[in-house]
>>> print(open('structure.cif').read())   # mmCIF, C-alpha atoms
data_upload
#
loop_
_atom_site.label_atom_id
_atom_site.label_comp_id
_atom_site.auth_asym_id
_atom_site.auth_seq_id
_atom_site.Cartn_x
_atom_site.Cartn_y
_atom_site.Cartn_z
CA MET A 1 68.60 -10.90 46.62
CA PHE A 2 69.04 -14.68 46.31
CA GLU A 3 65.44 -15.67 46.53
CA CYS A 4 64.93 -19.35 47.11
CA ASP A 5 61.40 -19.94 48.23
CA LEU A 6 59.99 -23.10 46.75
CA SER A 7 56.77 -23.06 48.80
CA GLY A 8 53.98 -24.84 46.99
CA LYS A 9 56.29 -26.31 44.36
CA ILE A 10 55.94 -30.01 43.64
CA CYS A 11 59.43 -31.47 43.22
CA ALA A 12 60.32 -34.93 41.91
CA VAL A 13 63.82 -36.16 42.67
CA THR A 14 65.06 -39.47 41.31
CA GLY A 15 67.71 -41.46 43.12
CA ALA A 16 66.59 -39.71 46.30
CA GLY A 17 67.34 -42.63 48.59
CA ARG A 18 70.92 -41.69 49.31
CA GLY A 19 73.96 -39.67 48.37
CA ILE A 20 73.55 -36.60 46.18
CA GLY A 21 69.87 -37.32 45.45
CA LYS A 22 69.01 -37.41 49.12
CA ALA A 23 70.87 -34.16 49.71
CA ILE A 24 68.92 -32.58 46.85
CA ALA A 25 65.62 -33.83 48.30
CA PHE A 26 66.50 -32.19 51.61
CA ALA A 27 67.67 -28.95 49.98
CA LEU A 28 64.42 -28.58 48.05
CA ALA A 29 62.30 -29.51 51.07
CA GLU A 30 64.14 -26.99 53.25
CA ALA A 31 63.25 -24.32 50.68
CA GLY A 32 59.58 -25.21 51.13
CA GLY A 33 59.00 -27.62 48.27
CA HIS A 34 56.90 -30.77 48.48
CA VAL A 35 59.34 -33.51 47.53
CA ILE A 36 58.47 -36.76 45.82
CA CYS A 37 61.37 -39.08 46.63
CA ILE A 38 61.94 -41.63 43.89
CA SER A 39 64.32 -44.59 43.87
CA LYS A 40 64.37 -48.23 42.88
CA SER A 41 63.71 -49.71 46.29
CA GLU A 42 60.71 -48.86 48.41
CA GLY A 43 62.86 -48.93 51.54
CA SER A 44 65.36 -46.46 50.17
CA CYS A 45 63.03 -43.71 48.87
CA GLY A 46 60.56 -44.43 51.68
CA GLY A 47 63.35 -43.89 54.20
CA SER A 48 64.23 -40.48 52.77
CA ALA A 49 60.58 -39.40 52.65
CA ALA A 50 60.02 -40.58 56.24
CA GLU A 51 63.12 -38.71 57.40
CA LEU A 52 61.91 -35.55 55.68
CA LYS A 53 58.47 -35.86 57.28
CA THR A 54 59.98 -36.44 60.73
CA LYS A 55 61.77 -33.13 60.32
CA GLY A 56 58.49 -31.44 59.52
CA PHE A 57 58.95 -31.22 55.75
CA SER A 58 56.44 -32.16 53.11
CA ALA A 59 57.28 -35.37 51.24
CA GLU A 60 56.05 -38.59 49.69
CA HIS A 61 57.76 -41.45 47.90
CA ILE A 62 57.33 -43.84 45.03
CA ALA A 63 59.53 -46.78 44.07
CA VAL A 64 60.44 -46.83 40.37
CA ASP A 65 63.03 -48.75 38.40
CA VAL A 66 64.08 -45.93 36.09
CA ALA A 67 65.69 -48.37 33.66
CA SER A 68 62.13 -49.21 32.56
CA SER A 69 60.26 -46.64 30.48
CA LYS A 70 57.01 -48.45 31.30
CA GLU A 71 57.59 -48.07 35.04
CA ILE A 72 58.39 -44.39 34.59
CA PHE A 73 55.20 -43.89 32.56
CA LYS A 74 53.14 -45.63 35.24
CA ALA A 75 54.73 -43.60 38.01
CA CYS A 76 54.17 -40.31 36.17
CA LYS A 77 50.52 -41.19 35.71
CA ALA A 78 50.16 -41.94 39.41
CA ILE A 79 51.97 -38.74 40.40
CA LEU A 80 49.93 -36.59 38.00
CA ALA A 81 46.74 -38.11 39.37
CA ARG A 82 47.66 -36.68 42.78
CA HIS A 83 49.23 -33.40 41.66
CA SER A 84 48.16 -31.22 38.75
CA ALA A 85 51.79 -30.82 37.69
CA VAL A 86 55.34 -31.46 38.76
CA ASP A 87 57.00 -28.05 38.91
CA ILE A 88 60.55 -29.18 39.51
CA LEU A 89 62.13 -32.34 38.14
CA VAL A 90 65.61 -33.42 39.19
CA ASN A 91 66.98 -36.37 37.24
CA ASN A 92 69.67 -37.74 39.51
CA ALA A 93 69.25 -41.52 39.47
CA GLY A 94 72.30 -43.28 38.17
CA ILE A 95 74.44 -46.36 38.37
CA ALA A 96 78.04 -47.17 37.50
CA ARG A 97 79.30 -50.41 35.93
CA ASP A 98 82.98 -49.63 35.50
CA ASN A 99 85.29 -51.52 33.24
CA VAL A 100 87.67 -50.81 30.40
CA VAL A 101 85.91 -50.96 27.05
CA LEU A 102 87.85 -54.08 26.05
CA ARG A 103 86.27 -55.91 28.97
CA MET A 104 82.91 -54.16 29.08
CA CYS A 105 79.99 -56.43 28.24
CA GLU A 106 77.01 -55.14 26.28
CA GLU A 107 74.77 -55.41 29.32
CA ASP A 108 76.98 -53.06 31.33
CA TRP A 109 76.76 -50.60 28.48
CA THR A 110 72.98 -50.73 27.99
CA ASP A 111 72.17 -50.84 31.72
CA VAL A 112 74.09 -47.63 32.32
CA ILE A 113 72.70 -45.87 29.23
CA ASP A 114 69.12 -46.90 30.09
CA THR A 115 69.33 -45.99 33.76
CA ASN A 116 71.40 -42.82 33.54
CA LEU A 117 70.43 -41.32 30.19
CA SER A 118 67.21 -42.73 28.74
CA SER A 119 65.45 -42.30 32.08
CA CYS A 120 65.98 -38.52 31.82
CA PHE A 121 64.25 -38.50 28.45
CA HIS A 122 61.26 -40.47 29.75
CA TRP A 123 60.77 -38.41 32.93
CA MET A 124 61.01 -35.16 30.98
CA LYS A 125 58.66 -36.32 28.23
CA ASN A 126 55.99 -37.28 30.75
CA PHE A 127 56.26 -34.24 33.00
CA LEU A 128 56.73 -31.58 30.31
CA HIS A 129 53.09 -31.57 29.22
CA PRO A 130 51.73 -30.11 32.47
CA MET A 131 54.77 -27.83 32.78
CA VAL A 132 54.13 -26.39 29.32
CA LYS A 133 50.51 -25.89 30.24
CA LYS A 134 51.49 -24.13 33.45
CA ARG A 135 54.13 -22.02 31.72
CA TRP A 136 56.56 -22.71 34.56
CA GLY A 137 59.02 -25.47 35.24
CA ARG A 138 62.52 -26.28 36.35
CA ILE A 139 64.42 -29.31 35.20
CA VAL A 140 67.88 -30.15 36.45
CA ASN A 141 69.68 -33.18 35.08
CA LEU A 142 72.68 -34.56 36.90
CA SER A 143 75.58 -34.97 34.51
CA SER A 144 79.18 -35.43 35.63
CA VAL A 145 82.59 -33.95 34.86
CA VAL A 146 83.33 -37.41 33.52
CA GLY A 147 80.86 -36.61 30.72
CA ILE A 148 83.05 -33.65 29.80
CA ILE A 149 86.59 -34.95 30.22
CA GLY A 150 86.07 -38.74 30.08
CA ASN A 151 87.40 -41.23 32.56
CA PHE A 152 89.43 -44.42 32.43
CA GLY A 153 87.11 -47.40 32.89
CA GLN A 154 83.92 -45.37 32.59
CA ALA A 155 83.10 -45.26 28.88
CA ASN A 156 79.48 -46.20 29.52
CA TYR A 157 79.03 -43.77 32.41
CA ALA A 158 80.84 -40.96 30.60
CA ALA A 159 78.78 -41.53 27.44
CA ALA A 160 75.54 -41.38 29.41
CA LYS A 161 76.64 -38.24 31.28
CA ALA A 162 77.77 -36.55 28.06
CA GLY A 163 74.46 -37.55 26.50
CA ILE A 164 72.66 -35.79 29.31
CA ILE A 165 74.36 -32.54 28.32
CA GLY A 166 73.14 -32.74 24.71
CA LEU A 167 69.69 -33.77 25.86
CA THR A 168 69.54 -30.92 28.37
CA LYS A 169 70.57 -28.28 25.84
CA SER A 170 68.11 -29.52 23.20
CA VAL A 171 65.13 -29.65 25.54
CA ALA A 172 66.15 -26.27 26.96
CA ARG A 173 65.83 -24.79 23.47
CA GLU A 174 62.49 -26.50 22.85
CA VAL A 175 60.71 -25.26 25.96
CA ALA A 176 62.50 -22.00 26.78
CA SER A 177 59.62 -19.90 25.45
CA ARG A 178 57.24 -21.61 27.88
CA GLY A 179 58.88 -20.48 31.10
CA ILE A 180 60.71 -23.74 31.64
CA THR A 181 64.44 -23.89 32.27
CA VAL A 182 66.49 -27.02 31.72
CA ASN A 183 70.01 -27.18 33.07
CA ALA A 184 72.60 -29.75 34.00
CA VAL A 185 74.86 -29.94 37.02
CA ALA A 186 78.13 -31.79 36.61
CA PRO A 187 79.60 -32.94 39.90
CA GLY A 188 83.25 -33.88 40.12
CA PHE A 189 84.37 -36.22 42.88
CA ILE A 190 81.87 -36.04 45.72
CA LYS A 191 81.95 -37.95 49.01
CA THR A 192 79.18 -40.53 48.50
CA ASP A 193 78.73 -44.31 48.55
CA MET A 194 79.68 -44.28 44.87
CA THR A 195 83.16 -42.89 45.59
CA SER A 196 83.71 -44.50 49.00
CA GLY A 197 85.00 -47.67 47.38
CA LEU A 198 87.99 -45.96 45.77
CA GLY A 199 91.38 -47.06 47.14
CA ASP A 200 93.74 -44.62 48.87
CA GLY A 201 96.15 -44.69 45.93
CA VAL A 202 93.38 -43.82 43.47
CA VAL A 203 92.11 -41.03 45.72
CA ALA A 204 95.61 -39.52 46.02
CA GLU A 205 95.94 -39.62 42.25
CA ILE A 206 92.55 -37.92 41.78
CA LEU A 207 93.32 -35.22 44.34
CA LYS A 208 96.40 -34.21 42.34
CA ASN A 209 94.04 -33.00 39.60
CA ILE A 210 91.60 -31.16 41.84
CA PRO A 211 92.77 -27.57 42.45
CA MET A 212 90.81 -27.46 45.71
CA LYS A 213 92.57 -30.66 46.88
CA GLU A 214 89.51 -32.28 48.36
CA PHE A 215 86.36 -34.15 47.41
CA GLY A 216 83.14 -32.17 47.43
CA ALA A 217 80.15 -32.75 49.68
CA ALA A 218 76.71 -33.86 48.48
CA ASP A 219 75.39 -30.56 49.85
CA ASP A 220 77.65 -28.61 47.48
CA VAL A 221 75.79 -30.21 44.58
CA ALA A 222 72.39 -29.92 46.25
CA GLY A 223 72.86 -26.18 46.83
CA THR A 224 73.60 -25.65 43.15
CA VAL A 225 70.55 -27.65 42.12
CA ARG A 226 68.38 -25.65 44.51
CA PHE A 227 69.72 -22.40 43.06
CA LEU A 228 68.85 -23.52 39.51
CA CYS A 229 65.31 -24.34 40.71
CA SER A 230 64.84 -20.95 42.31
CA GLN A 231 63.34 -17.79 40.91
CA ALA A 232 66.83 -16.26 40.99
CA ALA A 233 67.89 -18.61 38.17
CA LYS A 234 64.93 -17.87 35.88
CA TYR A 235 67.14 -16.51 33.08
CA ILE A 236 69.58 -19.45 33.10
CA THR A 237 68.81 -22.30 30.73
CA GLY A 238 70.73 -24.88 28.72
CA HIS A 239 73.79 -24.65 30.92
CA VAL A 240 76.06 -27.08 32.63
CA ILE A 241 77.39 -26.00 36.00
CA ASN A 242 80.39 -27.91 37.25
CA VAL A 243 80.60 -28.54 40.97
CA ASP A 244 84.05 -30.05 41.02
CA GLY A 245 86.58 -27.99 42.98
CA GLY A 246 88.05 -26.77 39.71
CA LEU A 247 88.75 -30.24 38.27
CA ALA A 248 87.41 -29.58 34.77
CA MET A 249 87.76 -25.88 33.98
CA MET B 1 23.82 -27.49 14.62
CA ALA B 2 26.09 -29.64 16.75
CA ASN B 3 28.52 -29.44 13.89
CA ASN B 4 28.64 -25.65 13.94
CA ASN B 5 29.05 -25.67 17.63
CA ILE B 6 32.14 -27.84 17.42
CA GLU B 7 33.60 -25.69 14.70
CA ALA B 8 33.09 -22.58 16.83
CA ARG B 9 34.76 -24.18 19.83
CA VAL B 10 37.70 -25.39 17.74
CA ARG B 11 38.10 -21.94 16.21
CA LYS B 12 38.04 -20.21 19.57
CA ILE B 13 40.82 -22.44 20.89
CA ILE B 14 42.95 -21.81 17.82
CA VAL B 15 42.43 -18.05 18.05
CA ASP B 16 43.33 -18.07 21.74
CA GLN B 17 46.28 -20.43 21.55
CA LEU B 18 47.95 -19.10 18.42
CA ASP B 19 47.00 -15.48 18.93
CA VAL B 20 45.54 -15.13 15.40
CA ASN B 21 42.45 -13.39 14.02
CA ASP B 22 39.26 -15.34 13.52
CA GLU B 23 39.34 -14.53 9.77
CA GLN B 24 42.69 -16.27 9.42
CA VAL B 25 41.24 -19.50 10.76
CA THR B 26 39.81 -20.82 7.50
CA LEU B 27 38.89 -24.47 7.21
CA ASN B 28 41.92 -25.31 5.14
CA ALA B 29 44.39 -23.18 7.07
CA SER B 30 47.44 -25.19 8.14
CA PHE B 31 48.67 -24.62 11.69
CA LEU B 32 52.32 -24.74 10.70
CA ASP B 33 52.21 -23.05 7.29
CA ASP B 34 49.38 -20.52 7.59
CA LEU B 35 48.84 -19.80 11.26
CA GLY B 36 52.43 -19.38 12.35
CA ALA B 37 52.51 -22.30 14.79
CA ASP B 38 55.71 -24.13 15.61
CA SER B 39 55.76 -27.79 16.60
CA LEU B 40 55.50 -26.99 20.29
CA ASP B 41 52.43 -24.83 19.58
CA THR B 42 50.78 -27.80 17.90
CA VAL B 43 51.44 -29.92 21.00
CA GLU B 44 49.78 -27.24 23.10
CA LEU B 45 46.87 -27.01 20.66
CA VAL B 46 46.24 -30.73 21.00
CA MET B 47 46.34 -30.42 24.78
CA ALA B 48 43.82 -27.61 24.58
CA PHE B 49 41.53 -29.67 22.30
CA GLU B 50 41.76 -32.58 24.73
CA GLU B 51 40.65 -30.35 27.55
CA GLU B 52 37.85 -28.60 25.68
CA PHE B 53 36.47 -31.82 24.24
CA LYS B 54 37.18 -34.18 27.11
CA ASP B 55 33.51 -35.24 27.29
CA GLU B 56 33.30 -35.93 23.56
CA LEU B 57 36.70 -37.59 23.15
CA LYS B 58 36.64 -39.74 26.26
CA GLY B 59 40.41 -39.96 26.43
CA GLU B 60 43.60 -38.54 25.09
CA ILE B 61 44.43 -37.83 21.47
CA SER B 62 47.19 -40.24 20.47
CA GLU B 63 50.47 -39.07 18.93
CA THR B 64 49.50 -40.69 15.62
CA GLU B 65 46.13 -38.97 15.62
CA ALA B 66 47.70 -35.66 16.63
CA GLU B 67 50.21 -35.83 13.79
CA LYS B 68 47.40 -36.08 11.27
CA MET B 69 45.81 -32.83 12.49
CA ARG B 70 47.45 -30.36 10.16
CA THR B 71 44.56 -28.09 9.31
CA VAL B 72 41.52 -26.64 11.05
CA LYS B 73 39.31 -29.01 9.09
CA ASP B 74 41.36 -32.04 10.21
CA VAL B 75 40.54 -31.24 13.82
CA ILE B 76 36.82 -30.67 13.25
CA ASP B 77 36.55 -33.88 11.22
CA PHE B 78 38.41 -35.81 13.89
CA ILE B 79 36.11 -34.70 16.65
CA ASN B 80 32.98 -35.28 14.57
CA LYS B 81 34.17 -38.79 13.77
CA LYS B 82 34.74 -39.47 17.44
CA LEU B 83 31.23 -38.19 18.18
CA ALA B 84 29.81 -40.46 15.53
CA GLY B 85 31.40 -43.30 17.43
CA GLU B 86 34.00 -44.26 14.87
#
>>> encode(input="structure.cif", output="structure tokens")
Amino acid sequence: MFECDLSGKICAVTGAGRGIGKAIAFALAEAGGHVICISKSEGSCGGSAAELKTKGFSAEHIAVDVASSKEIFKACKAILARHSAVDILVNNAGIARDNVVLRMCEEDWTDVIDTNLSSCFHWMKNFLHPMVKKRWGRIVNLSSVVGIIGNFGQANYAAAKAGIIGLTKSVAREVASRGITVNAVAPGFIKTDMTSGLGDGVVAEILKNIPMKEFGAADDVAGTVRFLCSQAAKYITGHVINVDGGLAM
Amino acid sequence: MANNNIEARVRKIIVDQLDVNDEQVTLNASFLDDLGADSLDTVELVMAFEEEFKDELKGEISETEAEKMRTVKDVIDFINKKLAGE
């Protein structure tokens, strides 16, 4: 019943060099998709693509600083010169620059908004044209539970992640009639490099609020993304699926 | 002659894309007001014009140019101007 064959689908995954993005790249490749691994450094996205190819999957990579709309535009042009369309777009790239608002400098605010939120707009804008033409597309934007419930010291990150939800729902409405679904996935606390720096005391405090009493795995998020990209999810659009062990019900 | 040809090609695209009758596609018909298009339809129309007239236009239709194409006549005039090398 759960049909997840992505054979022949061209998939672009941003932030695919490590963590959740890398897990998503693998999940889509395992389902048969051709994955374009995107991240800021050539070594990082190139490493993921090489690993995928070693395992016999279909992949390529392109280094893009997603904080720059010009770089995104250039990359989309290059990608669309090689492929007639990108069928699946996963906006996952993101950074954190944590600080309480009273100490947050403007640069930390704009860097996070540009990288985490504006990038989603630019990737979607560039890839939607061929998707509309093809009358098929899947877009999954990575939000965060922090965008729903807020978080101490993460006003910039939470604002960007909340922005992704509004963006996702609006674009979902705009292109729903063209066979394109747009959804968001909101991870809670997941074991990645981003959360590995948290002290034991902080982790214990966080776990108190997670009904499942543990951090999630990158694969938990990747599996949800893959489901939303599958044919099985064709009637789901404009939604946010939390993958958070029950943290934000 | 060339003029009529362009008009016929433009009309055919509009009929196909917007699923309207040929008689509805008068020169002054507005895509949004008369032909039932929504803003996404107009984006698709422009994409279809770009494809059909890629030899004549030699490039994409810019957002500013696209926004000015409100009626059937706007499109035909635009393409004729491009052909005239303006």
>>> interface_residues(input="structure.cif", of="chain A", to="chain B", cutoff="8 Å", atoms="all atoms listed in the file", output="PyMOL selection string")
chain A and resi 132-133+174-175
>>> write_last_selection(input="structure.cif", atoms="C-alpha atoms", output="PDB file, in the frame of the given file")
ATOM      1  CA  VAL A 132      54.130 -26.390  29.320  1.00  0.00           C
ATOM      2  CA  LYS A 133      50.510 -25.890  30.240  1.00  0.00           C
ATOM      3  CA  GLU A 174      62.490 -26.500  22.850  1.00  0.00           C
ATOM      4  CA  VAL A 175      60.710 -25.260  25.960  1.00  0.00           C
TER       5      VAL A 175
END
>>> residues_around(input="structure.cif", residues="Asp87 of chain A", least_positions_apart="5", cutoff="9 Å", atoms="all atoms listed in the file", output="PDB file with C-alpha atoms, in the frame of the given file")
ATOM      1  CA  LYS A   9      56.290 -26.310  44.360  1.00  0.00           C
ATOM      2  CA  ILE A  10      55.940 -30.010  43.640  1.00  0.00           C
ATOM      3  CA  CYS A  11      59.430 -31.470  43.220  1.00  0.00           C
ATOM      4  CA  ALA A  12      60.320 -34.930  41.910  1.00  0.00           C
ATOM      5  CA  PHE A 127      56.260 -34.240  33.000  1.00  0.00           C
ATOM      6  CA  PRO A 130      51.730 -30.110  32.470  1.00  0.00           C
ATOM      7  CA  MET A 131      54.770 -27.830  32.780  1.00  0.00           C
ATOM      8  CA  LYS A 134      51.490 -24.130  33.450  1.00  0.00           C
ATOM      9  CA  TRP A 136      56.560 -22.710  34.560  1.00  0.00           C
ATOM     10  CA  GLY A 137      59.020 -25.470  35.240  1.00  0.00           C
ATOM     11  CA  ARG A 138      62.520 -26.280  36.350  1.00  0.00           C
ATOM     12  CA  ILE A 139      64.420 -29.310  35.200  1.00  0.00           C
TER      13      ILE A 139
END
>>> resolve_selection(input="structure.cif", expression="the PyMOL selection byres ((chain B and resi 74-86) around 9)", output="MDAnalysis selection string")
chainID B and resid 3 6:7 10 27:28 49 53 56:57 65:66 68:73
>>> write_last_selection(input="structure.cif", atoms="C-alpha atoms", output="PDB file, in the frame of the given file")
ATOM      1  CA  ASN B   3      28.520 -29.440  13.890  1.00  0.00           C
ATOM      2  CA  ILE B   6      32.140 -27.840  17.420  1.00  0.00           C
ATOM      3  CA  GLU B   7      33.600 -25.690  14.700  1.00  0.00           C
ATOM      4  CA  VAL B  10      37.700 -25.390  17.740  1.00  0.00           C
ATOM      5  CA  LEU B  27      38.890 -24.470   7.210  1.00  0.00           C
ATOM      6  CA  ASN B  28      41.920 -25.310   5.140  1.00  0.00           C
ATOM      7  CA  PHE B  49      41.530 -29.670  22.300  1.00  0.00           C
ATOM      8  CA  PHE B  53      36.470 -31.820  24.240  1.00  0.00           C
ATOM      9  CA  GLU B  56      33.300 -35.930  23.560  1.00  0.00           C
ATOM     10  CA  LEU B  57      36.700 -37.590  23.150  1.00  0.00           C
ATOM     11  CA  GLU B  65      46.130 -38.970  15.620  1.00  0.00           C
ATOM     12  CA  ALA B  66      47.700 -35.660  16.630  1.00  0.00           C
ATOM     13  CA  LYS B  68      47.400 -36.080  11.270  1.00  0.00           C
ATOM     14  CA  MET B  69      45.810 -32.830  12.490  1.00  0.00           C
ATOM     15  CA  ARG B  70      47.450 -30.360  10.160  1.00  0.00           C
ATOM     16  CA  THR B  71      44.560 -28.090   9.310  1.00  0.00           C
ATOM     17  CA  VAL B  72      41.520 -26.640  11.050  1.00  0.00           C
ATOM     18  CA  LYS B  73      39.310 -29.010   9.090  1.00  0.00           C
TER      19      LYS B  73
END
>>> atom_distance(input="structure.cif", atom1="atom CA of Asp33 of chain B", atom2="atom CA of Lys169 of chain A")
26.6 Å
>>> residues_around(input="structure.cif", residues="Lys191 of chain A", least_positions_apart="6", cutoff="10 Å", atoms="all atoms listed in the file", output="compact mmCIF listing (two decimals) with C-alpha atoms, in the coordinates of the input")
# COMPACT_ATOMS: atom_id res chain seq x y z
CA GLY A 19 73.96 -39.67 48.37
CA ILE A 20 73.55 -36.60 46.18
CA GLU A 214 89.51 -32.28 48.36
CA PHE A 215 86.36 -34.15 47.41
CA GLY A 216 83.14 -32.17 47.43
CA ALA A 217 80.15 -32.75 49.68
CA ALA A 218 76.71 -33.86 48.48
CA ASP A 219 75.39 -30.56 49.85
>>> atom_distance(input="structure.cif", atom1="atom CA of Lys58 of chain B", atom2="atom CA of Ser84 of chain A")
19.0 Å
>>> resolve_selection(input="structure.cif", expression="the PyMOL selection byres ((chain A and resi 93) around 8)", output="PyMOL selection string")
chain A and resi 14-16+21+39+66+91-92+94-95+115-116
>>> decode(input="structure.cif", residues="segment 75-86 of chain B", atoms="N, CA and C atoms", output="short mmCIF file (atom, residue, chain, number, x, y, z; two decimals), in the first residue's frame")
data_model
loop_
_atom_site.label_atom_id
_atom_site.label_comp_id
_atom_site.auth_asym_id
_atom_site.auth_seq_id
_atom_site.Cartn_x
_atom_site.Cartn_y
_atom_site.Cartn_z
N VAL B 75 -0.19 40.56 -26.48
CA VAL B 75 0.77 39.49 -26.78
C VAL B 75 1.21 39.54 -28.24
N ILE B 76 0.23 39.71 -29.13
CA ILE B 76 0.54 39.74 -30.57
C ILE B 76 1.43 40.94 -30.88
N ASP B 77 1.09 42.09 -30.29
CA ASP B 77 1.91 43.29 -30.51
C ASP B 77 3.33 43.08 -30.01
N PHE B 78 3.43 42.46 -28.83
CA PHE B 78 4.75 42.23 -28.24
C PHE B 78 5.63 41.39 -29.16
N ILE B 79 5.06 40.32 -29.65
CA ILE B 79 5.85 39.44 -30.50
C ILE B 79 6.20 40.10 -31.83
N ASN B 80 5.26 40.84 -32.39
CA ASN B 80 5.54 41.57 -33.63
C ASN B 80 6.64 42.60 -33.45
N LYS B 81 6.62 43.27 -32.30
CA LYS B 81 7.67 44.26 -32.01
C LYS B 81 9.02 43.58 -31.92
N LYS B 82 9.05 42.45 -31.27
CA LYS B 82 10.30 41.70 -31.13
C LYS B 82 10.82 41.30 -32.52
N LEU B 83 9.86 40.89 -33.38
CA LEU B 83 10.24 40.47 -34.74
C LEU B 83 10.79 41.63 -35.54
N ALA B 84 10.22 42.82 -35.26
CA ALA B 84 10.67 44.00 -35.98
C ALA B 84 12.02 44.49 -35.43
N GLY B 85 12.49 43.80 -34.43
CA GLY B 85 13.82 44.11 -33.89
C GLY B 85 13.85 45.26 -32.92
N GLU B 86 12.72 45.52 -32.29
CA GLU B 86 12.67 46.64 -31.34
C GLU B 86 13.20 46.21 -29.98
#
